[in-house]
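Enquirer: Below is run_25.tsv; it holds TSV, C-alpha atoms.
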chain	number	residue	atom	x	y	z
A	1	MET	CA	288.82	-22.26	-121.62
A	2	LYS	CA	291.30	-20.49	-123.88
A	3	PHE	CA	294.56	-18.83	-122.97
A	4	ARG	CA	296.33	-15.95	-124.63
A	5	SER	CA	300.07	-16.07	-125.14
A	6	LEU	CA	301.94	-15.28	-121.93
A	7	ARG	CA	303.43	-11.79	-121.84
A	8	PRO	CA	304.18	-9.11	-119.22
A	9	LEU	CA	301.16	-6.96	-118.66
A	10	PHE	CA	300.65	-4.15	-116.17
A	11	ILE	CA	297.15	-4.53	-114.82
A	12	ALA	CA	295.08	-2.75	-112.21
A	13	ILE	CA	293.16	-4.93	-109.82
A	14	VAL	CA	290.28	-2.89	-108.48
A	15	LEU	CA	289.63	-3.88	-104.89
A	16	GLY	CA	286.62	-2.06	-103.45
A	17	GLY	CA	287.63	1.12	-105.28
A	18	SER	CA	291.42	0.93	-104.79
A	19	ALA	CA	293.93	-0.20	-107.39
A	20	LEU	CA	297.06	-2.33	-107.01
A	21	GLY	CA	299.55	-2.29	-109.88
A	22	ILE	CA	301.23	-5.69	-110.44
A	23	TYR	CA	302.90	-7.64	-113.22
A	24	SER	CA	301.08	-10.75	-114.30
A	25	CYS	CA	300.09	-12.85	-117.29
A	26	SER	CA	297.01	-12.01	-119.32
A	27	LYS	CA	294.58	-14.92	-119.35
A	28	GLN	CA	291.22	-15.32	-121.09
A	29	THR	CA	288.72	-16.73	-118.62
A	30	SER	CA	285.36	-16.92	-120.40
A	31	ALA	CA	284.33	-18.14	-123.81
A	32	ASP	CA	281.53	-15.56	-123.75
A	33	LEU	CA	284.15	-12.79	-123.92
A	34	GLU	CA	286.50	-14.62	-126.25
A	35	ASN	CA	286.84	-11.80	-128.76
A	36	GLU	CA	286.96	-8.83	-126.38
A	37	PRO	CA	289.92	-6.43	-126.81
A	38	ALA	CA	292.75	-7.01	-124.34
A	39	ASN	CA	292.11	-3.86	-122.29
A	40	LEU	CA	288.53	-4.98	-121.53
A	41	ILE	CA	289.38	-8.51	-120.37
A	42	SER	CA	289.64	-9.30	-116.68
A	43	SER	CA	292.96	-10.93	-115.86
A	44	THR	CA	293.77	-13.44	-113.14
A	45	PRO	CA	296.64	-12.26	-110.91
A	46	GLU	CA	299.45	-14.70	-110.20
A	47	THR	CA	300.20	-12.97	-106.89
A	48	GLN	CA	297.84	-12.98	-103.93
A	49	VAL	CA	295.45	-10.06	-103.47
A	50	TRP	CA	296.41	-9.02	-99.95
A	51	GLN	CA	294.30	-5.94	-99.23
A	52	PHE	CA	290.65	-5.06	-98.82
A	53	LYS	CA	288.78	-1.83	-98.23
A	54	VAL	CA	285.85	-0.66	-96.07
A	55	LEU	CA	284.74	2.97	-96.34
A	56	ASN	CA	287.99	4.86	-97.02
A	57	LYS	CA	290.29	2.57	-95.02
A	58	THR	CA	292.51	-0.19	-96.39
A	59	TYR	CA	293.26	-3.34	-94.37
A	60	VAL	CA	295.52	-6.37	-94.74
A	61	LEU	CA	293.60	-9.44	-95.91
A	62	PRO	CA	293.58	-12.16	-93.20
A	63	GLU	CA	295.06	-15.49	-94.23
A	64	GLY	CA	292.45	-17.91	-95.55
A	65	LYS	CA	289.83	-15.20	-96.16
A	66	LEU	CA	288.41	-14.04	-99.47
A	67	PRO	CA	288.23	-10.24	-99.86
A	68	TRP	CA	284.42	-10.12	-99.62
A	69	GLN	CA	284.46	-12.28	-96.48
A	70	ALA	CA	287.01	-9.97	-94.87
A	71	GLN	CA	284.97	-6.90	-95.80
A	72	LEU	CA	281.74	-8.27	-94.33
A	73	ASP	CA	283.51	-9.51	-91.18
A	74	LYS	CA	285.06	-6.07	-90.70
A	75	ILE	CA	281.66	-4.36	-91.06
A	76	ILE	CA	280.10	-6.72	-88.49
A	77	VAL	CA	282.94	-6.41	-85.97
A	78	GLU	CA	283.93	-2.73	-86.28
A	79	TYR	CA	281.33	-0.76	-88.22
A	80	ASN	CA	277.99	-1.92	-86.81
A	81	THR	CA	278.33	0.86	-84.25
A	82	LEU	CA	277.72	3.34	-87.08
A	83	LEU	CA	274.75	1.40	-88.43
A	84	LYS	CA	273.20	1.02	-84.97
A	85	GLU	CA	272.78	4.81	-84.78
A	86	ASN	CA	269.88	4.22	-87.20
A	87	ASP	CA	268.67	0.95	-85.59
A	88	LEU	CA	270.31	-1.13	-88.33
A	89	GLU	CA	272.82	-3.95	-87.86
A	90	LEU	CA	274.47	-6.48	-90.17
A	91	ILE	CA	274.26	-9.76	-88.23
A	92	GLY	CA	275.33	-12.42	-90.74
A	93	TYR	CA	275.83	-13.59	-94.31
A	94	LYS	CA	275.75	-16.77	-96.39
A	95	HIS	CA	276.96	-17.56	-99.91
A	96	ILE	CA	273.86	-18.80	-101.74
A	97	GLU	CA	274.67	-18.80	-105.44
A	98	SER	CA	277.59	-19.11	-107.86
A	99	ILE	CA	277.10	-17.35	-111.19
A	100	ASN	CA	278.65	-19.36	-114.01
A	101	THR	CA	277.02	-17.93	-117.15
A	102	LEU	CA	275.92	-14.55	-118.43
A	103	GLN	CA	272.31	-15.77	-118.42
A	104	GLU	CA	272.61	-16.60	-114.72
A	105	LEU	CA	273.99	-13.09	-114.17
A	106	ARG	CA	270.97	-11.53	-115.91
A	107	GLU	CA	268.60	-13.55	-113.74
A	108	ALA	CA	270.49	-12.68	-110.55
A	109	LYS	CA	270.30	-8.96	-111.31
A	110	ASN	CA	266.53	-9.23	-111.68
A	111	ASN	CA	266.32	-10.73	-108.18
A	112	VAL	CA	268.06	-7.98	-106.22
A	113	SER	CA	266.35	-6.67	-103.11
A	114	ASN	CA	264.09	-3.62	-103.10
A	115	LEU	CA	265.34	-2.42	-99.68
A	116	PHE	CA	266.98	1.02	-99.67
A	117	PRO	CA	267.87	3.68	-97.08
A	118	GLN	CA	265.72	6.80	-97.21
A	119	TYR	CA	267.63	9.71	-95.71
A	120	THR	CA	265.73	12.22	-93.58
A	121	SER	CA	268.88	14.25	-92.78
A	122	PRO	CA	272.57	14.00	-93.74
A	123	SER	CA	273.15	11.30	-91.10
A	124	ASN	CA	269.71	9.81	-90.39
A	125	PHE	CA	267.80	7.32	-92.51
A	126	THR	CA	265.02	4.75	-92.45
A	127	ILE	CA	264.95	1.47	-94.39
A	128	VAL	CA	262.13	1.31	-96.95
A	129	GLU	CA	260.91	-1.08	-99.63
A	130	SER	CA	260.95	0.73	-102.97
A	131	ASN	CA	260.46	-0.84	-106.38
A	132	SER	CA	260.89	2.60	-107.96
A	133	LEU	CA	264.39	2.90	-106.48
A	134	LYS	CA	265.16	-0.64	-107.63
A	135	TYR	CA	264.18	0.39	-111.16
A	136	ARG	CA	266.17	3.63	-110.87
A	137	PHE	CA	269.34	1.74	-109.91
A	138	LYS	CA	269.05	-0.86	-112.68
A	139	PRO	CA	271.20	1.17	-115.15
A	140	TYR	CA	273.92	1.43	-112.51
A	141	LEU	CA	273.76	-2.30	-111.79
A	142	ASP	CA	273.99	-3.01	-115.53
A	143	SER	CA	277.07	-0.80	-115.83
A	144	MET	CA	278.71	-2.39	-112.78
A	145	LEU	CA	277.91	-5.93	-113.96
A	146	PRO	CA	277.67	-5.99	-117.78
A	147	ASP	CA	275.88	-9.12	-118.99
A	148	THR	CA	276.74	-8.64	-122.66
A	149	LYS	CA	279.84	-9.06	-124.80
A	150	ASP	CA	278.79	-6.06	-126.90
A	151	ARG	CA	282.01	-4.08	-127.25
A	152	ALA	CA	280.17	-0.87	-128.12
A	153	TYR	CA	278.16	-1.03	-124.88
A	154	ILE	CA	281.19	-1.68	-122.67
A	155	ALA	CA	283.24	1.00	-124.44
A	156	SER	CA	280.40	3.51	-123.88
A	157	LEU	CA	280.80	3.33	-120.11
A	158	THR	CA	282.28	6.48	-118.60
A	159	GLY	CA	285.83	6.40	-117.27
A	160	LEU	CA	284.78	5.87	-113.65
A	161	LYS	CA	282.23	3.19	-114.47
A	162	LYS	CA	284.58	1.39	-116.85
A	163	GLU	CA	287.20	1.25	-114.12
A	164	LYS	CA	284.69	-0.15	-111.62
A	165	ALA	CA	282.82	-2.43	-114.00
A	166	TYR	CA	283.13	-6.15	-113.32
A	167	LEU	CA	283.75	-8.14	-116.51
A	168	PHE	CA	282.41	-11.66	-116.14
A	169	GLU	CA	284.80	-14.47	-115.18
A	170	GLU	CA	284.03	-18.13	-114.62
A	171	ASN	CA	284.31	-19.48	-111.07
A	172	ASP	CA	284.55	-16.02	-109.53
A	173	LEU	CA	281.20	-14.23	-109.26
A	174	GLY	CA	278.52	-15.13	-106.74
A	175	VAL	CA	275.61	-13.91	-104.62
A	176	VAL	CA	275.67	-13.66	-100.84
A	177	ASN	CA	272.57	-13.28	-98.70
A	178	LEU	CA	273.11	-10.51	-96.14
A	179	VAL	CA	271.09	-10.77	-92.93
A	180	TRP	CA	270.22	-7.48	-91.25
A	181	LYS	CA	268.37	-6.56	-88.07
A	182	TYR	CA	266.34	-3.36	-88.41
A	183	LYS	CA	264.27	-2.12	-85.48
A	184	GLY	CA	264.05	-5.68	-84.16
A	185	GLU	CA	263.00	-7.24	-87.49
A	186	THR	CA	265.12	-9.45	-89.75
A	187	LYS	CA	265.75	-8.16	-93.27
A	188	ASN	CA	267.63	-9.75	-96.17
A	189	THR	CA	269.45	-8.32	-99.19
A	190	ARG	CA	271.33	-10.00	-102.04
A	191	CYS	CA	274.93	-8.88	-102.48
A	192	PHE	CA	277.09	-9.54	-105.57
A	193	VAL	CA	280.61	-10.63	-104.66
A	194	SER	CA	283.79	-11.52	-106.52
A	195	ASN	CA	286.31	-13.92	-105.02
A	196	LYS	CA	289.07	-11.69	-106.42
A	197	ARG	CA	287.69	-8.16	-106.13
A	198	GLY	CA	285.49	-8.42	-103.06
A	199	LEU	CA	282.09	-6.76	-102.66
A	200	ILE	CA	280.62	-5.62	-105.99
A	201	TYR	CA	277.13	-4.30	-105.18
A	202	ASP	CA	274.41	-4.37	-102.54
A	203	ASN	CA	271.59	-1.83	-102.19
A	204	LEU	CA	272.34	-0.99	-98.57
A	205	LEU	CA	276.14	-1.24	-98.66
A	206	TYR	CA	276.22	1.14	-101.62
A	207	SER	CA	273.52	3.59	-100.57
A	208	ILE	CA	274.50	4.04	-96.90
A	209	HIS	CA	277.43	6.44	-96.64
A	210	TYR	CA	279.66	8.02	-94.02
A	211	LYS	CA	282.36	10.65	-93.67
A	212	PRO	CA	285.85	9.45	-92.66
A	213	ALA	CA	286.28	9.90	-88.92
A	214	ASP	CA	289.48	11.91	-89.31
A	215	GLN	CA	288.23	14.17	-92.09
A	216	SER	CA	288.45	17.92	-91.61
A	217	LYS	CA	285.75	19.88	-93.43
A	218	ASN	CA	287.01	23.41	-93.14
A	219	MET	CA	290.70	24.21	-93.29
A	220	ALA	CA	292.29	27.62	-93.69
A	221	ARG	CA	296.00	26.86	-94.00
A	222	LYS	CA	298.42	29.73	-93.56
A	223	LYS	CA	302.18	29.82	-93.79
A	224	LYS	CA	304.28	30.76	-90.78
A	225	ASN	CA	304.33	34.54	-90.49
A	226	LEU	CA	307.47	36.67	-90.50
A	227	PRO	CA	307.44	39.13	-88.82
A	228	ARG	CA	304.93	38.28	-86.09
A	229	LEU	CA	301.24	39.17	-86.44
A	230	LEU	CA	300.22	42.60	-85.21
A	231	THR	CA	296.92	43.16	-83.48
A	232	LEU	CA	294.53	45.81	-84.78
A	233	SER	CA	295.55	48.09	-81.91
A	234	GLU	CA	299.17	47.75	-83.10
A	235	GLY	CA	298.24	48.95	-86.57
A	236	GLY	CA	297.76	45.64	-88.33
A	237	GLU	CA	295.04	45.35	-91.00
A	238	GLY	CA	292.86	42.27	-90.62
A	239	GLY	CA	294.89	41.27	-87.56
A	240	GLY	CA	298.19	41.01	-89.48
A	241	SER	CA	301.27	43.08	-90.16
A	242	LEU	CA	301.41	45.27	-93.26
A	243	ASN	CA	305.22	45.37	-93.18
A	244	CYS	CA	307.53	42.93	-94.92
A	245	SER	CA	311.12	42.48	-96.01
A	246	GLU	CA	312.44	42.27	-99.57
A	247	ASN	CA	312.46	38.86	-101.28
A	248	TYR	CA	309.42	37.90	-99.20
A	249	PHE	CA	306.33	36.65	-101.03
A	250	PRO	CA	303.37	36.44	-98.63
A	251	SER	CA	300.17	34.58	-99.43
A	252	TYR	CA	296.76	33.60	-98.08
A	253	THR	CA	295.22	30.15	-98.67
A	254	PHE	CA	291.63	29.00	-98.13
A	255	ASN	CA	290.61	25.34	-98.51
A	256	LEU	CA	287.22	23.71	-98.03
A	257	SER	CA	286.52	20.07	-98.94
A	258	ASP	CA	284.35	17.13	-98.01
A	259	ALA	CA	283.68	13.55	-99.11
A	260	GLU	CA	281.69	10.49	-98.08
A	261	TYR	CA	282.20	6.80	-98.82
A	262	ASP	CA	280.07	3.68	-99.05
A	263	PHE	CA	280.96	0.45	-97.24
A	264	MET	CA	282.62	-1.02	-100.33
A	265	GLY	CA	285.22	1.74	-100.33
A	266	ASP	CA	283.82	3.85	-103.17
A	267	ARG	CA	283.72	7.63	-102.80
A	268	ILE	CA	280.10	8.57	-103.46
A	269	TYR	CA	280.55	12.35	-103.55
A	270	TYR	CA	283.37	14.82	-103.23
A	271	TYR	CA	283.93	18.56	-103.51
A	272	SER	CA	286.90	20.87	-103.05
A	273	ILE	CA	287.15	24.66	-103.04
A	274	SER	CA	290.49	26.45	-102.90
A	275	VAL	CA	291.56	30.08	-103.06
A	276	VAL	CA	295.12	31.41	-103.08
A	277	VAL	CA	295.96	35.11	-102.85
A	278	SER	CA	299.61	35.81	-103.66
A	279	GLY	CA	301.57	38.93	-102.91
A	280	ARG	CA	304.98	40.54	-102.87
A	281	CYS	CA	306.91	43.08	-100.85
A	282	ASP	CA	306.55	46.58	-102.32
A	283	ASN	CA	308.80	49.16	-100.64
A	284	GLY	CA	308.56	47.35	-97.32
A	285	LYS	CA	304.78	46.89	-97.51
A	286	LYS	CA	302.74	43.81	-98.38
A	287	SER	CA	301.08	44.09	-101.76
A	288	ILE	CA	298.44	41.83	-103.34
A	289	SER	CA	299.38	40.81	-106.88
A	290	PHE	CA	297.54	37.64	-107.92
A	291	LYS	CA	294.54	35.42	-107.13
A	292	ASP	CA	293.72	31.82	-108.04
A	293	LEU	CA	290.24	30.37	-107.43
A	294	ASN	CA	289.41	26.71	-108.10
A	295	SER	CA	286.59	24.28	-107.43
A	296	SER	CA	286.07	20.61	-108.28
A	297	TYR	CA	283.44	17.99	-107.50
A	298	ASP	CA	282.15	14.57	-108.51
A	299	ALA	CA	279.44	12.11	-107.50
A	300	GLY	CA	278.58	8.46	-107.94
A	301	PHE	CA	275.42	7.07	-109.51
A	302	GLY	CA	272.32	8.15	-107.58
A	303	TYR	CA	274.11	11.14	-106.07
A	304	SER	CA	274.53	14.76	-107.13
A	305	CYS	CA	277.23	17.20	-106.02
A	306	ILE	CA	278.38	20.67	-107.02
A	307	ALA	CA	280.76	23.37	-105.75
A	308	ASP	CA	281.80	26.79	-106.99
A	309	VAL	CA	283.74	29.91	-106.00
A	310	GLU	CA	283.43	33.37	-107.57
A	311	THR	CA	285.13	36.76	-107.27
A	312	LYS	CA	283.01	39.64	-106.00
A	313	SER	CA	285.79	42.23	-106.20
A	314	PHE	CA	289.57	42.20	-106.55
A	315	VAL	CA	292.09	45.04	-106.17
A	316	THR	CA	295.86	44.68	-106.36
A	317	GLY	CA	298.47	46.74	-104.55
A	318	THR	CA	299.32	47.65	-100.95
A	319	SER	CA	295.68	48.59	-100.28
A	320	GLY	CA	294.34	45.67	-102.26
A	321	HIS	CA	291.81	43.01	-101.34
A	322	LEU	CA	289.94	39.96	-102.61
A	323	ASP	CA	286.26	39.54	-101.82
A	324	PHE	CA	285.08	36.05	-102.84
A	325	ALA	CA	281.97	33.93	-102.35
A	326	PHE	CA	281.73	30.13	-102.32
A	327	ALA	CA	279.05	27.45	-102.09
A	328	TRP	CA	278.66	23.68	-102.19
A	329	ALA	CA	275.77	21.20	-102.17
A	330	TRP	CA	275.09	17.49	-102.54
A	331	SER	CA	272.08	15.18	-102.47
A	332	ASN	CA	271.18	11.51	-102.89
A	333	SER	CA	267.62	12.21	-104.02
A	334	VAL	CA	267.57	15.32	-106.25
A	335	THR	CA	269.83	17.03	-108.76
A	336	VAL	CA	271.50	19.99	-107.07
A	337	GLY	CA	272.67	23.22	-108.67
A	338	LEU	CA	274.21	26.59	-107.90
A	339	GLU	CA	273.04	29.89	-109.38
A	340	TRP	CA	275.32	32.95	-109.27
A	341	ASP	CA	273.88	36.45	-109.71
A	342	GLY	CA	277.16	38.34	-109.41
A	343	PHE	CA	276.80	38.90	-105.67
A	344	SER	CA	275.73	35.63	-104.03
A	345	PHE	CA	274.92	31.97	-104.67
A	346	THR	CA	271.53	30.29	-104.56
A	347	ILE	CA	271.43	26.52	-103.95
A	348	THR	CA	268.81	24.72	-106.06
A	349	GLY	CA	267.38	21.28	-105.37
A	350	THR	CA	264.79	20.74	-102.65
A	351	GLY	CA	266.25	18.94	-99.65
A	352	ALA	CA	269.88	19.34	-100.73
A	353	THR	CA	272.62	19.47	-98.10
A	354	GLY	CA	274.85	22.48	-98.62
A	355	ALA	CA	276.20	25.80	-97.44
A	356	LYS	CA	277.57	29.07	-98.76
A	357	GLY	CA	279.87	31.74	-97.43
A	358	GLU	CA	282.08	34.74	-98.18
A	359	ARG	CA	285.62	35.85	-97.30
A	360	TYR	CA	287.20	39.30	-97.53
A	361	VAL	CA	291.00	39.05	-97.76
A	362	THR	CA	293.18	42.10	-97.14
A	363	THR	CA	296.94	42.65	-97.39
A	364	GLY	CA	297.23	42.27	-93.62
A	365	MET	CA	295.97	38.68	-93.90
A	366	LEU	CA	298.81	37.63	-96.22
A	367	GLN	CA	301.49	35.69	-94.36
Just give me the structure as structure tokens.
Expert:
Amino acid sequence: MKFRSLRPLFIAIVLGGSALGIYSCSKQTSADLENEPANLISSTPETQVWQFKVLNKTYVLPEGKLPWQAQLDKIIVEYNTLLKENDLELIGYKHIESINTLQELREAKNNVSNLFPQYTSPSNFTIVESNSLKYRFKPYLDSMLPDTKDRAYIASLTGLKKEKAYLFEENDLGVVNLVWKYKGETKNTRCFVSNKRGLIYDNLLYSIHYKPADQSKNMARKKKNLPRLLTLSEGGEGGGSLNCSENYFPSYTFNLSDAEYDFMGDRIYYYSISVVVSGRCDNGKKSISFKDLNSSYDAGFGYSCIADVETKSFVTGTSGHLDFAFAWAWSNSVTVGLEWDGFSFTITGTGATGAKGERYVTTGMLQ
């Protein structure tokens, strides 16, 4: 084992998708990666890793527990209620193999389970044996657990994969047998774990996903209105007052977002749509002056997600308006898409989960 010279180094320890910034000493831990550039070498922290993650929640690591043990214990104790909705339950685990060489890592990746969830709706799935899915996920497994010291290959990983990729260390990586009960039958999967980082990959823990319990899907945030809202019978347009005072800049904001996470804490898809209509006070009347439409989205390996928002018509002034359309879609089985014809969206991708809508914003809706 060789050591680099000791020096301050700011490193990110990825723990189930979250990062902790600490100061430590850079240390080479495997002769197989002896000549890797410094930014691609895993470092051993001098301070204790004290957090772990399940879904989108972060917990304090119990004393005497490794991160992967704490994650699996938390799933068994607190999250089996979610799994039981589909007749699945994690009932136990056992460490069965330590991986000490890159050759052992290659062999272990060839022996992963072929059990996967097959979703029949956004929240319902069955467990199936699928060698085709096992083959489909092999590139992802290879990017998560590189078994080569080829710098060009590692450098070719995308930003997200490079951040999540586990670079081999001696005396750290292992395989845990997960014991499941599905519809009364016992099932087993092989899960890769790191004593430092926690859970790395398992077919079921990665492919089963949930929304955070406290997540709000559809929010239309509006600033406090001055003066008070007028009803339509009181002369308000769109339920709001058309009058305003000088040095008052009213606005309307629309937000729509959603995300789901796997049990290892990784966000597997995400989208966000936002629209802001800004105005000013023009001779005591609200006037529309500016619009800003934005959409963003991403998805993990094996998932597809897209979102978009488009203007149908926009008029500034005291009689102005913004008519906009929006749409989103995601899938874990097909590539999804959105087609815009100038008037409405069409969601492409058979079996995709998604929705579309339209909003017509008038000056009376600015607050």
Enquirer: What gap, in Å, lies between atom CA of Leu338 of chain A and atom CA of Ser289 of chain A?
Expert: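 These atoms are spaced 28.9 Å apart.
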Enquirer: Would you mind reading off the distance between atom CA of Ile76 of chain A and atom CA of Leu173 of chain A, one decimal, in Å?
Expert: 22.1 Å
Enquirer: Taking only residues of segment 233-284 of chain A that have an atom at most 9 Å from an atom of segment 304-316 of chain A, what is each one's shortest atom pair and its distance in Å to one decimal, using all atoms listed in the file, in chain and number order, as CSV?
Expert:
residue,atom,partner,partner_atom,distance
A:Tyr269,CA,A:Cys305,CA,6.4
A:Tyr270,CA,A:Cys305,CA,7.2
A:Tyr271,CA,A:Ala307,CA,6.2
A:Ser272,CA,A:Ala307,CA,7.2
A:Ile273,CA,A:Val309,CA,6.9
A:Ser274,CA,A:Val309,CA,8.2
A:Val275,CA,A:Val309,CA,8.4
A:Gly279,CA,A:Thr316,CA,8.8
Enquirer: Between A:Leu141, A:Val336, A:Ile75, A:Ala352, which has the minimum distance to Asn111 of chain A (counting all atoms listed in the file)?
Expert: A:Leu141
Enquirer: Show which residues sit within 10 Å of Ala70 of chain A, as a VMD selection string. Count only C-alpha atoms, and ignore same-chain residues fewer than 4 positions away.
Expert: chain A and resid 51 to 54 59 to 66 74 to 76 198 to 199
Enquirer: Per residue of segment 72-169 of chain A within 12 Å of segment 260-268 of chain A, which atom pair is closest and at what distance in Å (one decimal), using all atoms listed in the file, listed by chain and increasing number, as JSON lines?
Expert:
{"residue": "A:Leu72", "atom": "CA", "partner": "A:Phe263", "partner_atom": "CA", "distance": 9.2}
{"residue": "A:Asp73", "atom": "CA", "partner": "A:Phe263", "partner_atom": "CA", "distance": 11.9}
{"residue": "A:Lys74", "atom": "CA", "partner": "A:Phe263", "partner_atom": "CA", "distance": 10.1}
{"residue": "A:Ile75", "atom": "CA", "partner": "A:Phe263", "partner_atom": "CA", "distance": 7.9}
{"residue": "A:Ile76", "atom": "CA", "partner": "A:Phe263", "partner_atom": "CA", "distance": 11.3}
{"residue": "A:Glu78", "atom": "CA", "partner": "A:Phe263", "partner_atom": "CA", "distance": 11.8}
{"residue": "A:Tyr79", "atom": "CA", "partner": "A:Phe263", "partner_atom": "CA", "distance": 9.1}
{"residue": "A:Asn80", "atom": "CA", "partner": "A:Phe263", "partner_atom": "CA", "distance": 11.1}
{"residue": "A:Leu82", "atom": "CA", "partner": "A:Phe263", "partner_atom": "CA", "distance": 11.0}
{"residue": "A:Leu83", "atom": "CA", "partner": "A:Phe263", "partner_atom": "CA", "distance": 10.8}
{"residue": "A:Leu90", "atom": "CA", "partner": "A:Phe263", "partner_atom": "CA", "distance": 11.8}
{"residue": "A:Pro122", "atom": "CA", "partner": "A:Glu260", "partner_atom": "CA", "distance": 10.7}
{"residue": "A:Ser123", "atom": "CA", "partner": "A:Glu260", "partner_atom": "CA", "distance": 11.1}
{"residue": "A:Leu160", "atom": "CA", "partner": "A:Asp266", "partner_atom": "CA", "distance": 10.7}
{"residue": "A:Lys161", "atom": "CA", "partner": "A:Asp266", "partner_atom": "CA", "distance": 11.4}
{"residue": "A:Glu163", "atom": "CA", "partner": "A:Asp266", "partner_atom": "CA", "distance": 11.8}
{"residue": "A:Lys164", "atom": "CA", "partner": "A:Asp266", "partner_atom": "CA", "distance": 9.4}
Enquirer: Identify, on the basis of all atoms listed in the file, every residue whose closest approach to segment 179-196 of chain A does not exceed 8 Å; exclude the query and any residue fewer than 2 positions from it along the same chain; express the result as JSON, numbers by chain.
Expert: {"A": [15, 49, 66, 67, 68, 87, 88, 89, 90, 91, 92, 93, 111, 112, 113, 115, 127, 172, 173, 174, 175, 176, 177, 198, 199, 200, 201, 202, 203, 204]}
